[in-house]
>>> print(open('work36.cif').read())   # mmCIF, C-alpha atoms
data_model
#
loop_
_atom_site.label_atom_id
_atom_site.label_comp_id
_atom_site.auth_asym_id
_atom_site.auth_seq_id
_atom_site.Cartn_x
_atom_site.Cartn_y
_atom_site.Cartn_z
CA MET A 7 -62.30 39.55 39.59
CA SER A 8 -60.04 42.59 39.44
CA PRO A 9 -61.44 46.10 38.91
CA GLU A 10 -59.83 46.37 35.47
CA THR A 11 -61.44 43.10 34.29
CA PRO A 12 -64.98 43.84 33.15
CA ALA A 13 -67.66 41.35 34.10
CA ARG A 14 -68.92 39.19 31.27
CA PRO A 15 -72.48 39.95 30.31
CA LYS A 16 -74.95 37.31 31.41
CA ASP A 17 -75.53 36.25 27.80
CA ALA A 18 -71.87 36.30 26.71
CA ALA A 19 -71.50 32.53 26.66
CA LEU A 20 -74.23 29.97 26.65
CA GLY A 21 -71.55 27.31 27.06
CA THR A 22 -70.89 27.85 30.77
CA GLY A 23 -71.86 25.65 33.71
CA LEU A 24 -74.45 23.09 32.69
CA GLY A 25 -74.27 24.67 29.25
CA ARG A 26 -70.85 23.05 28.83
CA VAL A 27 -72.46 19.63 29.09
CA LEU A 28 -75.06 20.71 26.56
CA LEU A 29 -72.29 22.05 24.33
CA LEU A 30 -70.44 18.73 24.62
CA VAL A 31 -73.55 16.72 23.71
CA TYR A 32 -74.26 18.97 20.72
CA GLY A 33 -70.63 18.62 19.65
CA ILE A 34 -70.82 14.83 19.86
CA PHE A 35 -74.02 14.81 17.82
CA ALA A 36 -72.50 17.21 15.28
CA LEU A 37 -69.57 14.86 14.81
CA SER A 38 -71.55 11.61 14.85
CA ALA A 39 -74.38 12.77 12.57
CA SER A 40 -71.97 14.34 10.08
CA ALA A 41 -69.68 11.31 10.04
CA ARG A 42 -72.62 8.94 9.68
CA ALA A 43 -74.02 10.95 6.77
CA LEU A 44 -70.65 11.12 5.07
CA VAL A 45 -70.22 7.35 5.26
CA GLN A 46 -73.80 6.66 4.17
CA ILE A 47 -73.71 9.07 1.24
CA SER A 48 -70.29 7.95 0.03
CA THR A 49 -70.89 4.19 0.31
CA HIS A 50 -74.54 3.44 -0.46
CA PHE A 51 -76.42 6.64 -1.28
CA SER A 52 -78.74 4.97 -3.80
CA GLU A 53 -80.25 2.69 -1.14
CA ALA A 54 -81.92 5.47 0.86
CA PRO A 55 -81.12 8.93 -0.53
CA LEU A 56 -83.78 10.76 1.49
CA ALA A 57 -82.64 9.24 4.77
CA TYR A 58 -78.99 9.96 4.08
CA LEU A 59 -79.61 13.54 3.01
CA LEU A 60 -81.64 14.07 6.18
CA SER A 61 -78.72 12.69 8.20
CA ALA A 62 -76.45 15.23 6.50
CA PHE A 63 -78.93 18.02 7.21
CA ALA A 64 -79.14 16.94 10.86
CA GLY A 65 -75.35 17.06 11.05
CA LEU A 66 -75.35 20.64 9.75
CA VAL A 67 -78.03 21.62 12.26
CA TYR A 68 -76.03 20.11 15.13
CA ILE A 69 -72.87 21.89 13.93
CA SER A 70 -74.64 25.26 13.83
CA ALA A 71 -76.22 24.70 17.27
CA THR A 72 -72.80 23.83 18.68
CA VAL A 73 -71.25 26.97 17.18
CA GLY A 74 -74.09 29.15 18.45
CA LEU A 75 -73.85 27.79 21.98
CA ALA A 76 -70.07 28.12 21.94
CA ILE A 77 -69.84 31.74 20.80
CA GLY A 78 -72.71 33.06 22.92
CA GLY A 79 -73.74 36.69 22.82
CA ALA A 80 -76.64 37.97 20.76
CA ARG A 81 -75.35 36.44 17.53
CA GLY A 82 -74.62 33.04 19.07
CA ARG A 83 -77.97 33.05 20.84
CA LEU A 84 -79.77 33.67 17.54
CA ILE A 85 -77.80 30.92 15.77
CA ALA A 86 -78.49 28.48 18.61
CA LEU A 87 -82.17 29.46 18.81
CA VAL A 88 -82.74 28.95 15.09
CA SER A 89 -80.74 25.71 15.09
CA CYS A 90 -82.55 24.22 18.09
CA SER A 91 -85.92 25.23 16.61
CA ILE A 92 -85.07 23.60 13.27
CA GLU A 93 -83.82 20.55 15.16
CA LEU A 94 -87.09 20.26 17.10
CA ILE A 95 -89.20 20.59 13.96
CA GLY A 96 -86.94 18.12 12.15
CA VAL A 97 -87.07 15.49 14.89
CA LEU A 98 -90.85 15.72 15.15
CA ALA A 99 -91.43 15.74 11.37
CA VAL A 100 -88.92 13.02 10.47
CA GLY A 101 -89.92 10.95 13.49
CA THR A 102 -93.57 11.08 12.47
CA LEU A 103 -92.86 10.41 8.79
CA SER A 104 -90.52 7.51 9.53
CA ILE A 105 -93.26 5.81 11.53
CA ALA A 106 -96.14 6.72 9.20
CA ASP A 107 -94.32 5.78 5.98
CA ALA A 108 -91.40 3.51 6.79
CA GLY A 109 -90.93 2.81 3.06
CA ASP A 110 -89.38 6.25 2.60
CA PHE A 111 -86.86 5.45 5.33
CA PRO A 112 -85.33 2.05 4.53
CA ASP A 113 -82.33 3.04 6.66
CA ASP A 114 -82.28 5.05 9.87
CA THR A 115 -81.40 8.70 10.25
CA VAL A 116 -80.46 10.49 13.44
CA TRP A 117 -84.03 11.75 13.69
CA SER A 118 -85.99 8.71 12.43
CA ASN A 119 -88.34 7.14 14.95
CA PHE A 120 -87.76 10.23 17.09
CA GLY A 121 -84.10 9.35 17.59
CA SER A 122 -84.73 5.87 18.99
CA GLY A 123 -81.36 4.67 17.67
CA TYR A 124 -79.69 7.29 19.85
CA GLY A 125 -81.70 6.64 23.00
CA TYR A 126 -84.22 9.37 22.12
CA VAL A 127 -81.60 12.01 22.92
CA PRO A 128 -82.36 13.78 19.59
CA LEU A 129 -85.97 14.19 20.76
CA VAL A 130 -85.05 15.60 24.18
CA LEU A 131 -82.01 17.67 23.16
CA PRO A 132 -83.80 20.55 21.37
CA PHE A 133 -86.14 21.03 24.34
CA ILE A 134 -83.16 21.27 26.68
CA GLY A 135 -81.32 23.53 24.24
CA LEU A 136 -84.27 25.89 23.88
CA TRP A 137 -84.79 25.93 27.65
CA TRP A 138 -81.10 26.75 28.18
CA ILE A 139 -81.22 29.59 25.66
CA TRP A 140 -84.41 30.96 27.25
CA ARG A 141 -82.96 30.64 30.77
CA HIS A 142 -79.87 32.66 29.81
CA ARG A 143 -81.63 35.38 27.85
CA PRO A 144 -80.43 38.95 28.50
#
>>> encode(input="work36.cif", output="structure tokens")
Amino acid sequence: MSPETPARPKDAALGTGLGRVLLLVYGIFALSASARALVQISTHFSEAPLAYLLSAFAGLVYISATVGLAIGGARGRLIALVSCSIELIGVLAVGTLSIADAGDFPDDTVWSNFGSGYGYVPLVLPFIGLWWIWRHRP
């Protein structure tokens, strides 16, 4: 690093090192959840409206988490923190509801059954995201 190039603050980018893998996974989930919701809502919304709207909501949460992790800094950290927290609450709530009352979820969402259709990655991902944000706090 040259003397005229200032060092990046520790919290400038959450998407560095292992964070890049986390950023990639969030990006994949943002794309897959959003695309899934778009197809479900546009082709057979009346079959399971709650499930499909939750898929769309999950897609928005993954998009915002991806953006927050990518931009870093105080603003990005806040966006990522809120997004990962909402994601964790969503996975736990939807996972519990989809098991307790399967009738409300005739079709799967990203978060139903705690993300079993996605190898339980949606259940683990917010814990890793929150840990990463905490680990790289200023």
>>> closest_residue(input="work36.cif", among="A:Pro144, A:Gly65, A:Gly96, A:Gly135", to="Ser38 (chain A)", atoms="all atoms listed in the file")
A:Gly65
>>> residues_around(input="work36.cif", residues="Ala54 (chain A)", least_positions_apart="3", cutoff="12 Å", atoms="only C-alpha atoms", output="PDB file with C-alpha atoms, in the frame of the given file")
ATOM      1  CA  ALA A  43     -74.020  10.950   6.770  1.00  0.00           C
ATOM      2  CA  GLN A  46     -73.800   6.660   4.170  1.00  0.00           C
ATOM      3  CA  ILE A  47     -73.710   9.070   1.240  1.00  0.00           C
ATOM      4  CA  SER A  48     -70.290   7.950   0.030  1.00  0.00           C
ATOM      5  CA  THR A  49     -70.890   4.190   0.310  1.00  0.00           C
ATOM      6  CA  HIS A  50     -74.540   3.440  -0.460  1.00  0.00           C
ATOM      7  CA  PHE A  51     -76.420   6.640  -1.280  1.00  0.00           C
ATOM      8  CA  ALA A  57     -82.640   9.240   4.770  1.00  0.00           C
ATOM      9  CA  TYR A  58     -78.990   9.960   4.080  1.00  0.00           C
ATOM     10  CA  LEU A  59     -79.610  13.540   3.010  1.00  0.00           C
ATOM     11  CA  LEU A  60     -81.640  14.070   6.180  1.00  0.00           C
ATOM     12  CA  SER A  61     -78.720  12.690   8.200  1.00  0.00           C
ATOM     13  CA  ALA A 108     -91.400   3.510   6.790  1.00  0.00           C
ATOM     14  CA  GLY A 109     -90.930   2.810   3.060  1.00  0.00           C
ATOM     15  CA  ASP A 110     -89.380   6.250   2.600  1.00  0.00           C
ATOM     16  CA  PHE A 111     -86.860   5.450   5.330  1.00  0.00           C
ATOM     17  CA  PRO A 112     -85.330   2.050   4.530  1.00  0.00           C
ATOM     18  CA  ASP A 113     -82.330   3.040   6.660  1.00  0.00           C
ATOM     19  CA  ASP A 114     -82.280   5.050   9.870  1.00  0.00           C
ATOM     20  CA  THR A 115     -81.400   8.700  10.250  1.00  0.00           C
TER      21      THR A 115
END
>>> resolve_selection(input="work36.cif", expression="the PyMOL selection byres ((chain A and resi 130) around 12)", output="PyMOL selection string")
chain A and resi 28+31-32+90+93-94+97-98+117+120-122+124-129+131-137
>>> residues_near_point(input="work36.cif", point="(-78.4, 13.3, 14.7)", cutoff="6 Å", atoms="all atoms listed in the file", output="PyMOL selection string")
chain A and resi 35+39+64+116-117
>>> atom_distance(input="work36.cif", atom1="CA of Val88 (chain A)", atom2="CA of Val100 (chain A)")
17.7 Å
>>> closest_residue(input="work36.cif", among="A:Ile77, A:Ala41, A:Leu87, A:Ile105", to="Arg143 (chain A)", atoms="all atoms listed in the file")
A:Leu87
>>> atom_distance(input="work36.cif", atom1="CA of Gly33 (chain A)", atom2="CA of Leu56 (chain A)")
23.8 Å
>>> atom_distance(input="work36.cif", atom1="CA of Gly123 (chain A)", atom2="CA of Trp140 (chain A)")
28.1 Å
>>> closest_residue(input="work36.cif", among="A:Ser70, A:Ser52, A:Ser91, A:Thr102", to="Asn119 (chain A)", atoms="only C-alpha atoms")
A:Thr102
>>> closest_residue(input="work36.cif", among="A:Ala106, A:Ile85, A:Ile139, A:Leu44", to="Phe63 (chain A)", atoms="all atoms listed in the file")
A:Leu44
